[in-house]
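Data first, discussion second: the structure below is written as structure tokens.
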Amino acid sequence: MRTSSTGIYKRSAHYARLLGLVGLLLSSPAVADIYPVNGIWVAPNPDFPIGADEACFTIRLSGVEAVVRKSIAEILIFNENKRYDVKQNMQLVSTLSSTKPTRDGYWITELLDVRRRFWFRQKVTYLLTIVDPTTIEIRNNSHRTRFVKCGPRGKMPI
């Protein structure tokens with residue numbers, strides 16, 4: 001039994017369209033997760049107790065230098081799918097991998113942008129809780145850190 005040459009061409013055209021569609025679907029970018037918060041967040045140093053406004057004022061005046069001087073324990077900057085972390089004499093950049101909302105907050109999974117041995121990247125998971133619009137809490141294992149949002153506050157009273 002012999003098939004016609006037009007049947008073979010129709011089948012090959014069908015497979016070519018199917019492969020093209022599969023290639024298009026695999027190459028299209030996925031919807032990226034973004035952090036539930038954004039902006040600059042500061043963790044005041046418990047050894048150097050200052051208020052939230054003073055901590056933000058210190059950041060405005062001296063920037064990262066405030067962490068080196070130990071006036072501020074840690075600075076976090078959230079920008080869409082990136083997190084910049086400054087503490088002690090370390091600066092880390094992480095890329096958001098996934099965000100899962102829960103009853104207590106958001107489970108955040110990130111990949112550090114620093115490559116380790118054999119080009120593997122470390123995966124970090126933590127619970128981010130939004131306490132109020134100006135306060136968040138991050139829980140890693142048994143460690144909790146509260147952060148205060150720094151942003152435009154308007155004019156300071158004289």
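Letters for chains follow the order of the structure tokens (A, B, ...), residue numbers begin at 1 for each chain, and ligand numbers begin at 1 in the order shown.
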Considering only C-alpha atoms, return as a PyMOL selection string whatever protein or nucleic-acid residues lie within 6 Å of range 70-79 of chain A, sequence-local ones (same chain, fewer than 2 positions apart) excluded.
chain A and resi 38-45+66-68+81-87
Report as a PyMOL selection string all protein, DNA and RNA residues lying within 10 Å of Pro101 in chain A, evaluated on only C-alpha atoms, omitting residues in the same chain fewer than 2 positions from it.
chain A and resi 36+99+103-108+127-129
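For the residues A:Glu80, A:Val131, A:Phe120, A:Thr125, ranking by smallest atom-to-atom distance to Lys100 in chain A using only C-alpha atoms places A:Thr125 first.
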For Thr109 in chain A, please output as an MDAnalysis selection string all residues within 6 Å (counting only C-alpha atoms; exclusion window: fewer than 2 positions along the same chain).
chainID A and resid 97:98 124:125
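Counting only C-alpha atoms, the residue from A:Ala55, A:Leu112, A:Val93, A:Val148 that sits nearest to Asp132 in chain A is A:Val148.
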One-decimal distance in Å that lies between CA of His143 in chain A and CA of Thr95 in chain A
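These two atoms are separated by 21.4 Å.
Reported to one decimal place, the separation of CA of Arg139 in chain A from CA of Asp33 in chain A is 20.0 Å.
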Please, which residues of range 83-149 of chain A, numbered as in this document, come out strand (DSSP E) from DSSP, as a ChimeraX atom specification?
/A:83-87,90-101,106-115,121-132,135-140,143-149
Work out how far apart CA of Asp53 in chain A and CA of Ser94 in chain A are and give it in Å to one decimal.
27.0 Å
Identify, with DSSP run on backbone atoms, the residues in range 38-126 of chain A assigned to helix (DSSP H, G or I), and express the list as a PDB file with N, CA and C atoms, in the first residue's frame.
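So out_1.pdb came out as:
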```pdb
ATOM      1  N   ALA A  52      12.650  54.778  65.228  1.00  0.00           N
ATOM      2  CA  ALA A  52      12.553  54.512  63.793  1.00  0.00           C
ATOM      3  C   ALA A  52      12.908  55.741  62.976  1.00  0.00           C
ATOM      4  N   ASP A  53      12.421  56.914  63.392  1.00  0.00           N
ATOM      5  CA  ASP A  53      12.727  58.131  62.644  1.00  0.00           C
ATOM      6  C   ASP A  53      14.212  58.463  62.692  1.00  0.00           C
ATOM      7  N   GLU A  54      14.837  58.255  63.836  1.00  0.00           N
ATOM      8  CA  GLU A  54      16.269  58.521  63.955  1.00  0.00           C
ATOM      9  C   GLU A  54      17.078  57.555  63.092  1.00  0.00           C
ATOM     10  N   ALA A  55      16.629  56.283  63.039  1.00  0.00           N
ATOM     11  CA  ALA A  55      17.327  55.293  62.206  1.00  0.00           C
ATOM     12  C   ALA A  55      17.269  55.688  60.738  1.00  0.00           C
ATOM     13  N   CYS A  56      16.108  56.108  60.278  1.00  0.00           N
ATOM     14  CA  CYS A  56      15.966  56.520  58.882  1.00  0.00           C
ATOM     15  C   CYS A  56      16.747  57.797  58.602  1.00  0.00           C
ATOM     16  N   PHE A  57      16.767  58.715  59.574  1.00  0.00           N
ATOM     17  CA  PHE A  57      17.542  59.944  59.419  1.00  0.00           C
ATOM     18  C   PHE A  57      19.030  59.620  59.312  1.00  0.00           C
ATOM     19  N   THR A  58      19.492  58.654  60.114  1.00  0.00           N
ATOM     20  CA  THR A  58      20.894  58.231  60.057  1.00  0.00           C
ATOM     21  C   THR A  58      21.225  57.648  58.691  1.00  0.00           C
ATOM     22  N   ILE A  59      20.308  56.875  58.124  1.00  0.00           N
ATOM     23  CA  ILE A  59      20.522  56.301  56.792  1.00  0.00           C
ATOM     24  C   ILE A  59      20.591  57.413  55.744  1.00  0.00           C
ATOM     25  N   ARG A  60      19.720  58.413  55.867  1.00  0.00           N
ATOM     26  CA  ARG A  60      19.736  59.520  54.901  1.00  0.00           C
ATOM     27  C   ARG A  60      21.043  60.296  54.972  1.00  0.00           C
ATOM     28  N   LEU A  61      21.577  60.457  56.185  1.00  0.00           N
ATOM     29  CA  LEU A  61      22.809  61.228  56.336  1.00  0.00           C
ATOM     30  C   LEU A  61      24.052  60.461  55.908  1.00  0.00           C
ATOM     31  N   SER A  62      24.183  59.218  56.370  1.00  0.00           N
ATOM     32  CA  SER A  62      25.444  58.513  56.143  1.00  0.00           C
ATOM     33  C   SER A  62      25.328  57.258  55.293  1.00  0.00           C
ATOM     34  N   GLU A  65      27.368  53.664  55.556  1.00  0.00           N
ATOM     35  CA  GLU A  65      28.320  53.953  56.633  1.00  0.00           C
ATOM     36  C   GLU A  65      27.684  53.744  58.010  1.00  0.00           C
ATOM     37  N   ALA A  66      26.372  53.924  58.123  1.00  0.00           N
ATOM     38  CA  ALA A  66      25.673  53.725  59.401  1.00  0.00           C
ATOM     39  C   ALA A  66      25.755  52.279  59.860  1.00  0.00           C
ATOM     40  N   VAL A  67      25.783  51.338  58.925  1.00  0.00           N
ATOM     41  CA  VAL A  67      25.919  49.925  59.283  1.00  0.00           C
ATOM     42  C   VAL A  67      27.340  49.640  59.741  1.00  0.00           C
ATOM     43  N   VAL A  68      28.317  50.236  59.073  1.00  0.00           N
ATOM     44  CA  VAL A  68      29.714  50.037  59.458  1.00  0.00           C
ATOM     45  C   VAL A  68      29.973  50.619  60.845  1.00  0.00           C
ATOM     46  N   ARG A 117      30.750  26.824  44.882  1.00  0.00           N
ATOM     47  CA  ARG A 117      31.482  25.768  44.174  1.00  0.00           C
ATOM     48  C   ARG A 117      30.655  25.169  43.061  1.00  0.00           C
ATOM     49  N   PHE A 118      31.287  24.860  42.012  1.00  0.00           N
ATOM     50  CA  PHE A 118      30.669  24.208  40.861  1.00  0.00           C
ATOM     51  C   PHE A 118      29.488  25.020  40.323  1.00  0.00           C
ATOM     52  N   TRP A 119      29.536  26.333  40.498  1.00  0.00           N
ATOM     53  CA  TRP A 119      28.539  27.256  39.953  1.00  0.00           C
ATOM     54  C   TRP A 119      27.143  27.074  40.537  1.00  0.00           C
TER      55      TRP A 119
END
```
